[in-house]
Amino acid sequence: MEYIVINFAGDVLLAQAVKDYLTSQKVVSTIYMVPETDELSISFEENNKRNGMKITKEILRNYLETHNLSRYQIIQLENILTVGIPKRIEEISNLLMCEICGWRINTEEELLVHRRIHWI
Ligand SMILES: [Zn+2]
């Protein structure tokens, strides 16, 4: 696994905050974020590469816990982690669904943006 993508389901501020948090953890070797987007790409030093996904999920869980973001969930699809609040069942019926991973999305536009994560 060369790198891990973390998508924040449209939450640009959370993406930025987690980027700063990951940077402070000093286990991630590179963090890349396209400015003003909700997506980070990270990679690990050689000696942490094998456990990179596990480490990343632990850091994310720690972050969410310490910031009382308990409604957020982390969903993994291969090397992509999506961090977001799952929709309630009654809201879901109105939503569009990503046919690749099942992620629920409000608008056609968001769905197009989301689908990009599967094409990397
Ligand atoms: Zn998807």
# chains A, B, ... in the order shown; residues from 1 in each chain; ligands from 1
>>> residues_near_ligand(ligand="ligand 1", cutoff="6 Å", atoms="only C-alpha atoms and all ligand atoms", output="PyMOL selection string")
chain A and resi 98+100-103+115
>>> write_last_selection(atoms="N, CA and C atoms", output="PDB file, in the first residue's frame")
ATOM      1  N   CYS A  98     -23.687   5.905  -4.142  1.00  0.00           N
ATOM      2  CA  CYS A  98     -22.549   5.509  -4.965  1.00  0.00           C
ATOM      3  C   CYS A  98     -22.666   4.015  -5.222  1.00  0.00           C
ATOM      4  N   ILE A 100     -20.545   2.048  -6.274  1.00  0.00           N
ATOM      5  CA  ILE A 100     -19.312   1.293  -6.044  1.00  0.00           C
ATOM      6  C   ILE A 100     -19.146   0.928  -4.574  1.00  0.00           C
ATOM      7  N   CYS A 101     -19.395   1.889  -3.675  1.00  0.00           N
ATOM      8  CA  CYS A 101     -19.162   1.602  -2.258  1.00  0.00           C
ATOM      9  C   CYS A 101     -20.404   1.752  -1.397  1.00  0.00           C
ATOM     10  N   GLY A 102     -21.497   2.249  -1.961  1.00  0.00           N
ATOM     11  CA  GLY A 102     -22.725   2.369  -1.188  1.00  0.00           C
ATOM     12  C   GLY A 102     -22.852   3.643  -0.379  1.00  0.00           C
ATOM     13  N   TRP A 103     -21.893   4.544  -0.509  1.00  0.00           N
ATOM     14  CA  TRP A 103     -21.943   5.814   0.215  1.00  0.00           C
ATOM     15  C   TRP A 103     -23.145   6.632  -0.260  1.00  0.00           C
ATOM     16  N   ARG A 115     -17.313  10.013  -6.669  1.00  0.00           N
ATOM     17  CA  ARG A 115     -16.899   8.884  -7.515  1.00  0.00           C
ATOM     18  C   ARG A 115     -15.422   8.961  -7.883  1.00  0.00           C
TER      19      ARG A 115
END
>>> residues_around(residues="Asn79 of chain A", least_positions_apart="6", cutoff="9 Å", atoms="only C-alpha atoms", output="ChimeraX atom specification")
/A:1-6,53
>>> residues_around(residues="segment 16-26 of chain A", least_positions_apart="4", cutoff="10 Å", atoms="only C-alpha atoms", output="list in words")
Ile6, Phe8, Asp11, Val12, Thr30, Ile31, Tyr32, Met33, Pro35, Glu36, Thr37, Asp38, Glu39, Leu40, Ser41, Ile42, Phe44, Thr56, Ile59, Leu60, Tyr63 and Leu64 of chain A
>>> atom_distance(atom1="atom CA of Val113 of chain A", atom2="atom CA of Asn7 of chain A")
10.7 Å
>>> select_by_dssp(residues="chain A", states="strand (DSSP E or B)", output="number ranges by chain")
A: 4-7, 28-33, 39-44, 73-77, 80-84, 96-97, 104-105
>>> atom_distance(atom1="atom CA of Thr82 of chain A", atom2="atom CA of Glu45 of chain A")
22.3 Å
>>> select_by_dssp(residues="segment 40-111 of chain A", states="alpha helix (DSSP H)", output="compact mmCIF listing (two decimals) with C-alpha atoms, in the first residue's frame")
# COMPACT_ATOMS: atom_id res chain seq x y z
CA GLY A 52 -0.14 2.33 7.72
CA MET A 53 -3.85 1.68 7.42
CA LYS A 54 -4.13 0.46 11.00
CA ILE A 55 -2.18 3.45 12.31
CA THR A 56 -4.25 5.87 10.25
CA LYS A 57 -7.54 4.48 11.53
CA GLU A 58 -6.29 4.65 15.12
CA ILE A 59 -5.24 8.27 14.70
CA LEU A 60 -8.58 9.15 13.10
CA ARG A 61 -10.53 7.40 15.85
CA ASN A 62 -8.48 9.19 18.50
CA TYR A 63 -9.14 12.49 16.81
CA LEU A 64 -12.88 11.90 16.56
CA GLU A 65 -13.08 10.73 20.18
CA THR A 66 -11.14 13.61 21.66
CA ILE A 89 -32.61 5.48 7.39
CA GLU A 90 -35.49 7.92 6.83
CA GLU A 91 -33.12 10.41 5.20
CA ILE A 92 -31.56 7.78 3.01
CA GLU A 108 -25.75 14.67 -8.26
CA GLU A 109 -22.79 17.06 -8.05
CA GLU A 110 -21.48 15.55 -4.82
CA LEU A 111 -21.86 12.09 -6.29
>>> atom_distance(atom1="atom CA of Gly10 of chain A", atom2="atom CA of Asn106 of chain A")
10.9 Å
>>> closest_residue(among="A:His118, A:Ala15, A:Met97, A:Val34", to="Glu78 of chain A", atoms="only C-alpha atoms")
A:His118
>>> closest_residue(among="A:Leu112, A:Leu14, A:Val27, A:Ala9", to="Lys87 of chain A", atoms="only C-alpha atoms")
A:Ala9
>>> closest_residue(among="A:Ile117, A:Ile105, A:Val28, A:Arg50", to="Gln76 of chain A", atoms="only C-alpha atoms")
A:Ile117
